[in-house]
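J.: Just so it is clear, I am handing over data_0.cif, which has mmCIF, C-alpha atoms and all ligand atoms.
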```cif
data_run
loop_
_atom_site.label_atom_id
_atom_site.label_comp_id
_atom_site.auth_asym_id
_atom_site.auth_seq_id
_atom_site.Cartn_x
_atom_site.Cartn_y
_atom_site.Cartn_z
CA MET G 1 59.39 51.46 2.77
CA PRO G 2 58.05 48.37 0.96
CA LEU G 3 57.54 48.76 -2.79
CA SER G 4 55.28 45.74 -3.04
CA GLN G 5 52.00 47.33 -4.07
CA GLY G 6 51.05 46.67 -7.68
CA ARG G 7 50.57 43.44 -9.56
CA ALA G 8 52.12 40.56 -7.60
CA TYR G 9 54.14 37.86 -9.34
CA LEU G 10 53.87 34.34 -7.93
CA ALA G 11 57.12 32.94 -9.34
CA ILE G 12 56.83 29.52 -7.72
CA PRO G 13 56.75 26.19 -9.54
CA GLY G 14 53.02 25.79 -9.34
CA PRO G 15 50.47 27.08 -9.12
CA SER G 16 51.69 29.28 -11.94
CA VAL G 17 50.51 32.67 -13.17
CA ILE G 18 46.90 32.49 -14.38
CA PRO G 19 46.36 34.45 -17.62
CA ASP G 20 43.59 37.07 -17.53
CA THR G 21 42.06 35.25 -20.51
CA VAL G 22 41.69 32.13 -18.37
CA LEU G 23 40.25 34.08 -15.43
CA ARG G 24 37.74 35.81 -17.71
CA ALA G 25 36.69 32.50 -19.25
CA MET G 26 35.88 31.21 -15.75
CA HIS G 27 33.97 34.29 -14.66
CA ARG G 28 30.46 33.25 -15.65
CA ALA G 29 27.25 31.73 -14.40
CA SER G 30 27.11 27.95 -14.03
CA PRO G 31 26.27 26.35 -17.35
CA ASN G 32 23.76 23.60 -18.04
CA ILE G 33 25.55 20.37 -17.15
CA TYR G 34 23.03 18.09 -18.94
CA GLU G 35 23.55 19.18 -22.52
CA GLY G 36 24.82 21.90 -24.78
CA GLU G 37 27.94 24.03 -24.76
CA LEU G 38 29.66 22.38 -21.79
CA HIS G 39 29.43 18.95 -23.41
CA GLU G 40 30.90 20.23 -26.67
CA LEU G 41 33.64 22.02 -24.76
CA THR G 42 34.59 18.88 -22.81
CA HIS G 43 34.68 16.72 -25.95
CA SER G 44 36.89 19.32 -27.60
CA LEU G 45 39.48 19.12 -24.81
CA ILE G 46 40.23 15.44 -25.37
CA PRO G 47 42.07 15.66 -28.72
CA ASP G 48 43.90 18.76 -27.52
CA LEU G 49 45.07 17.07 -24.33
CA LYS G 50 46.37 14.18 -26.44
CA ASN G 51 48.17 16.56 -28.77
CA ILE G 52 49.87 18.36 -25.89
CA ALA G 53 51.13 14.99 -24.58
CA MET G 54 51.96 13.92 -28.16
CA THR G 55 50.00 10.71 -27.91
CA ASP G 56 47.25 8.88 -29.79
CA SER G 57 46.31 6.82 -26.74
CA ASN G 58 43.79 7.59 -24.01
CA VAL G 59 43.31 10.39 -21.54
CA ALA G 60 41.21 10.43 -18.36
CA ILE G 61 40.43 13.64 -16.48
CA TYR G 62 40.16 13.71 -12.68
CA ILE G 63 38.85 16.45 -10.41
CA GLY G 64 41.89 16.66 -8.20
CA ASN G 65 45.46 17.86 -8.04
CA GLY G 66 48.60 16.05 -9.14
CA HIS G 67 48.40 13.68 -6.20
CA ALA G 68 45.04 12.48 -7.52
CA ALA G 69 46.60 11.66 -10.89
CA TRP G 70 49.41 9.79 -9.12
CA GLU G 71 46.86 7.67 -7.27
CA ALA G 72 44.75 7.12 -10.39
CA ALA G 73 47.74 5.93 -12.40
CA LEU G 74 48.75 3.45 -9.71
CA ALA G 75 45.23 2.28 -8.86
CA ASN G 76 44.59 1.28 -12.47
CA THR G 77 47.81 -0.65 -12.96
CA ILE G 78 49.14 -2.30 -9.83
CA SER G 79 47.99 -5.12 -7.61
CA ALA G 80 48.78 -5.59 -3.93
CA GLY G 81 52.23 -7.11 -3.65
CA ASP G 82 53.47 -5.92 -7.06
CA THR G 83 56.91 -4.40 -7.12
CA VAL G 84 57.42 -0.90 -8.47
CA LEU G 85 60.82 0.62 -9.11
CA VAL G 86 61.06 4.26 -8.08
CA LEU G 87 63.83 6.32 -9.67
CA ALA G 88 64.11 9.21 -7.24
CA THR G 89 65.76 12.47 -8.24
CA GLY G 90 63.98 14.64 -5.71
CA ARG G 91 61.02 14.78 -3.40
CA PHE G 92 58.31 14.14 -5.97
CA CYS G 93 59.21 10.66 -7.17
CA ILE G 94 59.70 9.63 -3.55
CA GLY G 95 56.17 10.89 -2.85
CA TRP G 96 54.75 8.90 -5.76
CA GLY G 97 56.53 5.82 -4.42
CA GLU G 98 55.07 6.38 -0.94
CA MET G 99 51.65 6.43 -2.53
CA ALA G 100 52.39 3.12 -4.28
CA ALA G 101 53.41 1.63 -0.92
CA GLY G 102 50.16 2.90 0.58
CA LEU G 103 48.26 1.02 -2.12
CA GLY G 104 50.04 -2.19 -1.15
CA ALA G 105 52.91 -2.28 -3.63
CA THR G 106 56.43 -3.29 -2.71
CA VAL G 107 58.54 -0.26 -3.48
CA GLU G 108 62.18 -0.49 -4.51
CA THR G 109 63.80 2.90 -4.67
CA ILE G 110 67.03 3.96 -6.32
CA ASP G 111 67.75 7.38 -4.90
CA TYR G 112 70.01 9.61 -6.96
CA GLY G 113 69.94 12.36 -4.36
CA SER G 114 69.13 16.00 -4.97
CA HIS G 115 71.69 17.08 -7.54
CA ALA G 116 71.69 14.40 -10.23
CA PRO G 117 69.48 12.83 -12.88
CA ILE G 118 68.62 9.14 -13.18
CA ASP G 119 71.71 7.02 -13.97
CA LEU G 120 70.44 5.01 -16.92
CA ALA G 121 73.29 2.48 -16.84
CA GLN G 122 72.38 1.58 -13.26
CA VAL G 123 68.71 1.17 -14.16
CA GLU G 124 69.73 -1.11 -17.00
CA GLU G 125 71.68 -3.27 -14.54
CA VAL G 126 68.78 -3.51 -12.08
CA LEU G 127 66.31 -4.44 -14.83
CA ALA G 128 68.70 -6.99 -16.36
CA GLN G 129 68.94 -8.70 -12.96
CA ASP G 130 65.16 -8.93 -12.66
CA LYS G 131 64.96 -12.08 -14.78
CA GLU G 132 61.59 -13.19 -13.42
CA GLY G 133 60.00 -9.81 -14.19
CA ARG G 134 59.10 -8.92 -10.59
CA ILE G 135 59.07 -5.21 -11.37
CA LYS G 136 55.65 -4.27 -12.68
CA ALA G 137 56.25 -0.58 -13.25
CA VAL G 138 59.09 1.92 -13.37
CA LEU G 139 58.15 5.31 -11.89
CA ALA G 140 60.09 8.35 -13.06
CA VAL G 141 59.55 12.09 -12.83
CA HIS G 142 60.34 14.02 -16.01
CA VAL G 143 61.08 17.26 -14.15
CA ASP G 144 61.38 16.92 -10.39
CA THR G 145 60.17 20.26 -9.13
CA SER G 146 62.05 20.05 -5.83
CA THR G 147 65.49 19.76 -7.46
CA SER G 148 64.66 21.14 -10.95
CA VAL G 149 66.36 18.15 -12.53
CA LYS G 150 65.14 17.00 -15.94
CA ASN G 151 65.38 13.28 -16.60
CA ASP G 152 65.92 11.60 -19.97
CA ILE G 153 62.65 9.70 -20.35
CA ALA G 154 63.36 8.53 -23.91
CA GLY G 155 66.71 7.21 -22.68
CA LEU G 156 64.94 5.38 -19.87
CA ARG G 157 62.69 3.64 -22.40
CA ALA G 158 65.79 2.71 -24.41
CA VAL G 159 67.42 0.91 -21.47
CA MET G 160 64.13 -0.83 -20.61
CA ASP G 161 63.92 -2.03 -24.21
CA SER G 162 67.56 -3.08 -24.36
CA THR G 163 67.01 -5.41 -21.39
CA GLY G 164 63.70 -6.62 -22.85
CA HIS G 165 62.05 -5.86 -19.50
CA PRO G 166 58.22 -5.84 -19.70
CA ALA G 167 57.60 -3.25 -16.92
CA LEU G 168 55.36 -0.29 -17.57
CA LEU G 169 57.10 3.06 -17.90
CA MET G 170 55.14 5.64 -15.90
CA ALA G 171 56.16 9.30 -16.07
CA ASP G 172 55.17 12.30 -13.96
CA CYS G 173 55.04 15.38 -16.20
CA ILE G 174 53.16 17.56 -13.73
CA ALA G 175 55.87 20.25 -13.79
CA SER G 176 57.01 19.79 -17.36
CA LEU G 177 53.93 19.42 -19.56
CA ALA G 178 53.74 22.28 -22.08
CA CYS G 179 57.07 23.65 -20.75
CA ASP G 180 59.79 21.07 -21.42
CA ARG G 181 59.39 18.98 -24.57
CA PHE G 182 57.72 15.65 -23.89
CA GLU G 183 56.60 13.10 -26.51
CA MET G 184 54.61 10.31 -24.91
CA ASP G 185 54.31 7.95 -27.88
CA ALA G 186 57.69 8.60 -29.51
CA TRP G 187 59.39 8.13 -26.15
CA GLY G 188 57.53 4.92 -25.37
CA VAL G 189 55.80 6.07 -22.18
CA ASP G 190 52.91 3.82 -21.09
CA VAL G 191 51.34 6.07 -18.44
CA MET G 192 51.80 9.81 -17.98
CA VAL G 193 50.30 12.03 -15.29
CA SER G 194 49.93 15.78 -15.20
CA ALA G 195 47.81 18.53 -13.67
CA CYS G 196 46.39 21.84 -14.84
CA GLN G 197 48.05 24.41 -12.54
CA LYS G 198 51.55 24.51 -13.97
CA GLY G 199 52.26 24.65 -17.70
CA LEU G 200 48.52 24.52 -18.37
CA MET G 201 47.98 27.84 -16.53
CA THR G 202 44.62 26.95 -14.90
CA PRO G 203 43.78 27.08 -11.18
CA ALA G 204 44.61 23.81 -9.39
CA GLY G 205 41.80 21.27 -9.51
CA LEU G 206 42.09 19.16 -12.65
CA SER G 207 44.55 16.38 -13.30
CA PHE G 208 45.02 13.94 -16.13
CA VAL G 209 46.24 10.42 -16.76
CA TRP G 210 47.24 9.42 -20.28
CA PHE G 211 47.56 5.67 -20.77
CA ASN G 212 48.14 3.28 -23.64
CA ALA G 213 46.67 -0.15 -24.38
CA LYS G 214 49.55 -1.96 -22.66
CA ALA G 215 48.92 -0.04 -19.44
CA ASP G 216 45.19 -0.68 -19.67
CA ALA G 217 45.80 -4.41 -20.12
CA ALA G 218 48.03 -4.44 -17.03
CA ARG G 219 45.00 -3.60 -14.87
CA GLY G 220 45.57 -4.73 -11.29
CA ASP G 221 43.33 -5.32 -8.28
CA ARG G 222 43.52 -1.85 -6.71
CA VAL G 223 41.13 -0.08 -9.06
CA THR G 224 37.86 1.21 -7.62
CA ALA G 225 34.89 2.64 -9.47
CA TYR G 226 35.83 6.26 -8.90
CA TRP G 227 39.47 5.95 -9.97
CA ASP G 228 38.78 3.61 -12.91
CA TRP G 229 40.17 5.33 -15.99
CA ARG G 230 38.09 3.30 -18.49
CA PRO G 231 34.72 5.10 -18.32
CA ARG G 232 36.46 8.45 -18.03
CA ALA G 233 38.47 7.83 -21.18
CA ASN G 234 35.58 6.20 -23.08
CA PRO G 235 32.39 7.67 -21.63
CA GLU G 236 29.09 6.39 -22.97
CA MET G 237 27.33 9.17 -21.11
CA TYR G 238 28.63 12.61 -20.32
CA PHE G 239 28.69 12.24 -16.54
CA GLN G 240 31.19 9.39 -16.87
CA TYR G 241 33.90 11.88 -17.84
CA PHE G 242 33.99 12.91 -14.18
CA ASP G 243 31.95 10.23 -12.43
CA GLY G 244 29.55 12.93 -11.30
CA THR G 245 29.21 16.69 -11.63
CA ALA G 246 31.55 18.25 -14.17
CA PRO G 247 34.13 20.76 -12.87
CA THR G 248 32.35 23.38 -14.94
CA HIS G 249 34.47 26.49 -14.46
CA HIS G 250 37.77 24.68 -14.58
CA LEU G 251 36.77 23.30 -17.96
CA TYR G 252 36.13 26.80 -19.31
CA GLY G 253 39.47 27.93 -17.91
CA LEU G 254 41.35 24.98 -19.33
CA ARG G 255 39.72 25.48 -22.73
CA ALA G 256 40.97 29.08 -22.78
CA ALA G 257 44.47 28.06 -21.62
CA ILE G 258 44.78 25.36 -24.26
CA ASP G 259 43.56 27.80 -26.91
CA MET G 260 46.42 30.10 -25.90
CA ILE G 261 48.91 27.24 -26.26
CA LYS G 262 47.47 26.34 -29.66
CA ALA G 263 47.61 29.94 -30.85
CA GLU G 264 51.26 30.26 -29.81
CA GLY G 265 52.12 26.79 -31.10
CA LEU G 266 53.46 24.02 -28.85
CA ASP G 267 56.96 24.16 -30.36
CA THR G 268 57.07 27.91 -29.79
CA VAL G 269 55.91 27.38 -26.21
CA PHE G 270 58.80 24.95 -25.64
CA ASP G 271 61.19 27.38 -27.28
CA ARG G 272 60.02 30.29 -25.13
CA HIS G 273 60.55 28.27 -21.97
CA ALA G 274 64.02 27.21 -23.14
CA LYS G 275 65.07 30.79 -23.86
CA LEU G 276 63.67 32.19 -20.63
CA ALA G 277 65.53 29.46 -18.72
CA GLN G 278 68.77 30.42 -20.47
CA ILE G 279 68.31 34.04 -19.37
CA ILE G 280 68.02 32.89 -15.75
CA TRP G 281 71.03 30.63 -16.13
CA ALA G 282 73.07 33.51 -17.57
CA ALA G 283 72.38 35.53 -14.41
CA LEU G 284 73.19 32.66 -12.07
CA ASP G 285 76.44 31.97 -13.92
CA HIS G 286 77.52 35.43 -12.73
CA TRP G 287 75.97 35.46 -9.26
CA GLY G 288 77.79 32.22 -8.52
CA THR G 289 81.28 33.47 -9.34
CA THR G 290 81.72 34.50 -5.68
CA GLY G 291 79.67 33.68 -2.59
CA PRO G 292 77.25 30.85 -1.89
CA MET G 293 74.94 30.84 -4.93
CA GLN G 294 75.01 27.83 -7.17
CA PHE G 295 72.90 25.82 -9.58
CA ASN G 296 71.29 22.86 -7.88
CA ILE G 297 71.79 20.96 -11.14
CA ALA G 298 75.22 21.63 -12.60
CA ASP G 299 74.71 20.13 -16.07
CA PRO G 300 72.51 22.37 -18.26
CA VAL G 301 71.33 19.33 -20.23
CA HIS G 302 69.62 18.08 -17.10
CA ARG G 303 68.10 21.39 -16.01
CA SER G 304 64.39 21.99 -16.39
CA HIS G 305 63.11 24.88 -18.49
CA ALA G 306 60.15 25.32 -16.11
CA VAL G 307 61.77 25.68 -12.68
CA THR G 308 65.26 26.47 -11.38
CA SER G 309 66.45 25.41 -7.94
CA ILE G 310 69.27 27.52 -6.52
CA GLY G 311 71.50 26.79 -3.53
CA ILE G 312 72.27 29.93 -1.53
CA GLY G 313 73.33 28.74 1.96
CA SER G 314 71.24 28.66 5.15
CA PRO G 315 69.34 30.83 6.08
CA ASN G 316 69.78 33.01 2.99
CA GLY G 317 67.09 31.21 1.01
CA ASP G 318 64.32 32.21 3.41
CA ALA G 319 65.77 35.68 3.95
CA LEU G 320 65.83 36.36 0.22
CA ARG G 321 62.31 35.00 -0.33
CA ASN G 322 60.94 37.13 2.48
CA TRP G 323 62.70 40.24 1.23
CA CYS G 324 61.48 39.76 -2.36
CA GLU G 325 57.92 39.16 -1.26
CA HIS G 326 57.52 41.86 1.36
CA GLN G 327 59.61 44.56 -0.26
CA CYS G 328 58.85 43.91 -3.94
CA GLY G 329 55.72 41.76 -4.37
CA LEU G 330 57.63 38.82 -5.85
CA THR G 331 57.01 35.37 -4.36
CA LEU G 332 59.78 32.81 -4.93
CA GLY G 333 59.55 29.07 -4.31
CA ILE G 334 60.71 27.45 -1.04
CA GLY G 335 63.48 24.85 -0.75
CA LEU G 336 60.85 22.11 -0.83
CA GLY G 337 62.03 18.77 0.50
CA ARG G 338 65.58 20.05 1.01
CA SER G 339 67.74 20.02 4.07
CA PRO G 340 68.13 22.62 5.33
CA ALA G 341 65.21 24.03 3.36
CA ASP G 342 66.31 27.63 3.95
CA ALA G 343 69.55 27.00 2.04
CA TYR G 344 67.61 26.87 -1.24
CA PHE G 345 65.03 28.77 -3.21
CA ARG G 346 63.36 28.11 -6.53
CA ILE G 347 62.21 30.25 -9.40
CA GLY G 348 59.09 29.03 -11.18
CA HIS G 349 59.19 30.04 -14.86
CA MET G 350 56.39 27.88 -16.22
CA GLY G 351 53.35 28.77 -18.24
CA HIS G 352 52.23 32.36 -18.69
CA VAL G 353 55.67 33.95 -18.36
CA ASN G 354 57.53 36.30 -20.66
CA ALA G 355 60.88 38.03 -20.83
CA HIS G 356 60.03 41.16 -18.87
CA MET G 357 58.67 39.05 -16.02
CA ILE G 358 61.91 37.07 -15.93
CA MET G 359 64.01 40.26 -16.03
CA GLY G 360 61.89 41.56 -13.15
CA VAL G 361 62.51 38.40 -11.14
CA LEU G 362 66.24 38.59 -11.74
CA GLY G 363 66.43 42.31 -10.95
CA THR G 364 64.49 41.80 -7.73
CA ILE G 365 66.71 38.92 -6.65
CA ASP G 366 69.82 40.99 -7.45
CA ALA G 367 68.49 43.83 -5.28
CA GLY G 368 67.67 41.38 -2.49
CA LEU G 369 71.20 39.99 -2.53
CA LYS G 370 72.53 43.53 -2.13
CA ALA G 371 70.04 44.54 0.57
CA LEU G 372 70.75 41.40 2.58
CA LYS G 373 74.51 41.55 1.92
CA ILE G 374 74.55 38.02 0.54
CA PRO G 375 77.87 37.75 -1.34
CA HIS G 376 77.42 37.33 -5.09
CA GLY G 377 79.27 37.89 -8.33
CA ASP G 378 78.78 41.05 -10.39
CA GLY G 379 77.25 41.43 -13.81
CA ALA G 380 74.31 39.04 -13.52
CA LEU G 381 71.70 41.47 -14.81
CA SER G 382 73.90 42.63 -17.64
CA ALA G 383 74.51 39.00 -18.61
CA ALA G 384 70.78 38.28 -18.48
CA ALA G 385 70.05 41.29 -20.68
CA GLN G 386 72.74 40.15 -23.08
CA ALA G 387 71.27 36.63 -23.18
CA LEU G 388 67.84 38.09 -23.87
CA ALA G 389 69.13 40.42 -26.58
CA LEU G 390 70.90 37.55 -28.34
CA ARG G 391 67.96 35.17 -28.19
CA VAL G 392 64.98 37.18 -29.37
C1 LIG G 401 53.40 19.87 -8.43
C2 LIG G 401 53.92 18.49 -8.63
C3 LIG G 401 53.31 17.37 -8.07
C4 LIG G 401 52.15 17.46 -7.12
O1 LIG G 401 51.07 18.07 -7.68
P1 LIG G 401 49.89 18.57 -6.71
O2 LIG G 401 48.95 19.22 -7.66
O3 LIG G 401 50.51 19.52 -5.74
O4 LIG G 401 49.33 17.38 -6.05
C5 LIG G 401 53.81 16.13 -8.37
N1 LIG G 401 54.87 15.98 -9.17
C6 LIG G 401 55.51 17.04 -9.71
C7 LIG G 401 56.69 16.81 -10.59
C8 LIG G 401 55.06 18.31 -9.45
O5 LIG G 401 55.69 19.37 -9.98
#
```
Here is a file; write its structure as structure tokens.

T.:
Amino acid sequence: MPLSQGRAYLAIPGPSVIPDTVLRAMHRASPNIYEGELHELTHSLIPDLKNIAMTDSNVAIYIGNGHAAWEAALANTISAGDTVLVLATGRFCIGWGEMAAGLGATVETIDYGSHAPIDLAQVEEVLAQDKEGRIKAVLAVHVDTSTSVKNDIAGLRAVMDSTGHPALLMADCIASLACDRFEMDAWGVDVMVSACQKGLMTPAGLSFVWFNAKADAARGDRVTAYWDWRPRANPEMYFQYFDGTAPTHHLYGLRAAIDMIKAEGLDTVFDRHAKLAQIIWAALDHWGTTGPMQFNIADPVHRSHAVTSIGIGSPNGDALRNWCEHQCGLTLGIGLGRSPADAYFRIGHMGHVNAHMIMGVLGTIDAGLKALKIPHGDGALSAAAQALALRV
């Protein structure tokens, strides 16, 4: 008999769990869009969005998902025929590169596969060889959600600087913002993209591009009126924030979500994600001692604190996901972009997540392994409890 009735947990790497506070903030009549509270609320989001990205530069809001922010970032910076260097550590950076190609860029990809971070020494070599400065922008994903790898973005800036290469550094923080520490200005990032449905805990529909003066000056020939980040970042009239009707309810939701982050404190938010990730890792260390389960990313330094990709052998990934969802009301992430996809699953642990939710996820997975007779090491739940007890 399924035991799935009750509050469901969508433990996938986006969309993430929406806090009741955010849902309540959105449950209202449409506000006046011409003046008043909504205008004040929108203005108030701008400094907070900059603080979360740790930047003093600009931010433009788009009504769209992460793909919209990808396109906006590229449309404002590249011209047809420009070369962009894509540093692929999973499906997402490849997707961003495909979008650049669609806009007319020449895309050079270094593919590090599905189990490894960017090799900075190799990037340094490629940039050093580009004496004539063909490469206009370097595209990197901070946390690639398909592999759960975390890349060293500050290190990437360091190798770009050491070669004196003028390319823009563009980072995708869609999965990592407000989960894994990211410091746009200190790390020398020129353009950063994110969206609201992951660490920012708001229903999908808003995305953001942060950009500095260097990126703005790089302006290419692909920009169109709607994607132009200039009026959005420096609106003379309110409607220019969105180039049309404001996404009213999303703004109320985002305001509430950011207030939650401010109340907890950004450093505490990072710390909570780090500790919850370590509890998951403690369990997987034990599950993996026998049988097929293994970390997709072996080195803990390069593992995200927002999502964990786990190899489990085909078709166990799908079998486990189905069991957890239908028997227990827990939805796990698919083996997105992997081959075979059913040899992997992912746990999303981003945003509005606490220790008892993570213990519930781990307990449910442990039960699923037993029900499905997927071989696994003993002691995972005890190790997770121990990790939790030591860390709070
Ligand atoms: C989720 C995600 C995207 C895509 O965002 P959408 O909102 O689905 O368009 C891109 N990059 C990363 C790293 C992501 O996690």

J.: CA of Leu251 (chain G) to CA of Ala171 (chain G): how many Å, to one decimal?

T.: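 Interatomic distance here is 24.0 Å.
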
J.: Can you build me a table of region 309-382 of chain G residues sitting at most 8 Å from region 287-303 of chain G, with the closest atom pair per residue and its distance in Å to one decimal, using only C-alpha atoms, sorted by chain and residue number, as a tab-separated table?

T.:
```
residue	atom	partner	partner_atom	distance
G:Ser309	CA	G:Asn296	CA	5.5
G:Ile310	CA	G:Phe295	CA	5.0
G:Gly311	CA	G:Gln294	CA	5.2
G:Ile312	CA	G:Met293	CA	4.4
G:Gly313	CA	G:Pro292	CA	5.9
G:Ile374	CA	G:Gly291	CA	7.4
G:Pro375	CA	G:Gly291	CA	4.6
G:His376	CA	G:Trp287	CA	4.8
G:Gly377	CA	G:Trp287	CA	4.2
G:Asp378	CA	G:Trp287	CA	6.4
G:Gly379	CA	G:Trp287	CA	7.6
G:Ala380	CA	G:Trp287	CA	5.8
```

J.: Leu372 (chain G): which residues within 12 Å, counting all atoms listed in the file, same-chain residues fewer than 5 positions away excluded, as number ranges by chain?

T.: G: 315-324, 327, 365-367

J.: What residues of the protein or nucleic acid chains come within 9 Å of ligand LIG 401 (chain G) when you use all atoms listed in the file? Reply as a VMD selection string.

T.: chain G and resid 13 to 15 64 to 70 91 to 93 95 to 96 141 to 146 172 to 176 193 to 198 204 to 207

J.: Pick from G:Ala29, G:Ser314, G:Thr364, G:Ile153: nearest to Ala343 (chain G), with all atoms listed in the file counted?

T.: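 Selected residue with least distance to Ala343 (chain G): G:Ser314.
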
J.: Could you work out how far CA of Tyr112 (chain G) lies from CA of Val86 (chain G), giving the answer in Å with one decimal?

T.: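 Atom-to-atom, CA of Val86 (chain G) and CA of Tyr112 (chain G) are spaced 10.5 Å apart.
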
J.: Please provide the set of residues having any atom within 12 Å of region 122-127 of chain G, restricted to all atoms listed in the file, with same-chain residues fewer than 2 positions apart removed, written as JSON, numbers by chain.

T.: {"G": [84, 85, 86, 87, 88, 108, 109, 110, 111, 112, 117, 118, 119, 120, 129, 130, 131, 132, 133, 134, 135, 136, 137, 138, 139, 140, 155, 156, 157, 158, 159, 160, 161, 162, 163, 164, 165, 166, 167]}

J.: G:Gly102, G:Leu200, G:Arg272, G:Leu74: which is nearest Leu169 (chain G), counting all atoms listed in the file?

T.: G:Leu74

J.: For CA of Ile279 (chain G) and CA of Met350 (chain G), determine how far apart the two atoms are, in Å to one decimal place.

T.: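 So the two atoms, CA of Ile279 (chain G) and CA of Met350 (chain G), lie 13.8 Å apart.
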
J.: How would region 68-79 of chain G read, as a PDB file, keeping the file's coordinate frame, once N, CA and C atoms are built in?

T.:
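That gives us out.pdb:
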```pdb
ATOM      1  N   ALA G  68      46.160  13.312  -7.055  1.00  0.00           N
ATOM      2  CA  ALA G  68      45.040  12.480  -7.520  1.00  0.00           C
ATOM      3  C   ALA G  68      45.439  11.700  -8.760  1.00  0.00           C
ATOM      4  N   ALA G  69      46.145  12.349  -9.673  1.00  0.00           N
ATOM      5  CA  ALA G  69      46.600  11.660 -10.890  1.00  0.00           C
ATOM      6  C   ALA G  69      47.607  10.567 -10.547  1.00  0.00           C
ATOM      7  N   TRP G  70      48.487  10.842  -9.585  1.00  0.00           N
ATOM      8  CA  TRP G  70      49.410   9.790  -9.120  1.00  0.00           C
ATOM      9  C   TRP G  70      48.624   8.558  -8.682  1.00  0.00           C
ATOM     10  N   GLU G  71      47.615   8.801  -7.824  1.00  0.00           N
ATOM     11  CA  GLU G  71      46.860   7.670  -7.270  1.00  0.00           C
ATOM     12  C   GLU G  71      46.092   6.958  -8.381  1.00  0.00           C
ATOM     13  N   ALA G  72      45.505   7.739  -9.298  1.00  0.00           N
ATOM     14  CA  ALA G  72      44.750   7.120 -10.390  1.00  0.00           C
ATOM     15  C   ALA G  72      45.650   6.220 -11.233  1.00  0.00           C
ATOM     16  N   ALA G  73      46.829   6.708 -11.556  1.00  0.00           N
ATOM     17  CA  ALA G  73      47.740   5.930 -12.400  1.00  0.00           C
ATOM     18  C   ALA G  73      48.099   4.610 -11.740  1.00  0.00           C
ATOM     19  N   LEU G  74      48.366   4.666 -10.442  1.00  0.00           N
ATOM     20  CA  LEU G  74      48.750   3.450  -9.710  1.00  0.00           C
ATOM     21  C   LEU G  74      47.556   2.524  -9.522  1.00  0.00           C
ATOM     22  N   ALA G  75      46.405   3.102  -9.168  1.00  0.00           N
ATOM     23  CA  ALA G  75      45.230   2.280  -8.860  1.00  0.00           C
ATOM     24  C   ALA G  75      44.777   1.460 -10.063  1.00  0.00           C
ATOM     25  N   ASN G  76      45.018   1.984 -11.260  1.00  0.00           N
ATOM     26  CA  ASN G  76      44.590   1.280 -12.470  1.00  0.00           C
ATOM     27  C   ASN G  76      45.580   0.225 -12.942  1.00  0.00           C
ATOM     28  N   THR G  77      46.784   0.218 -12.383  1.00  0.00           N
ATOM     29  CA  THR G  77      47.810  -0.650 -12.960  1.00  0.00           C
ATOM     30  C   THR G  77      48.373  -1.692 -12.005  1.00  0.00           C
ATOM     31  N   ILE G  78      48.442  -1.374 -10.716  1.00  0.00           N
ATOM     32  CA  ILE G  78      49.140  -2.300  -9.830  1.00  0.00           C
ATOM     33  C   ILE G  78      48.178  -3.136  -8.992  1.00  0.00           C
ATOM     34  N   SER G  79      48.694  -4.267  -8.561  1.00  0.00           N
ATOM     35  CA  SER G  79      47.990  -5.120  -7.610  1.00  0.00           C
ATOM     36  C   SER G  79      48.777  -5.129  -6.308  1.00  0.00           C
TER      37      SER G  79
END
```
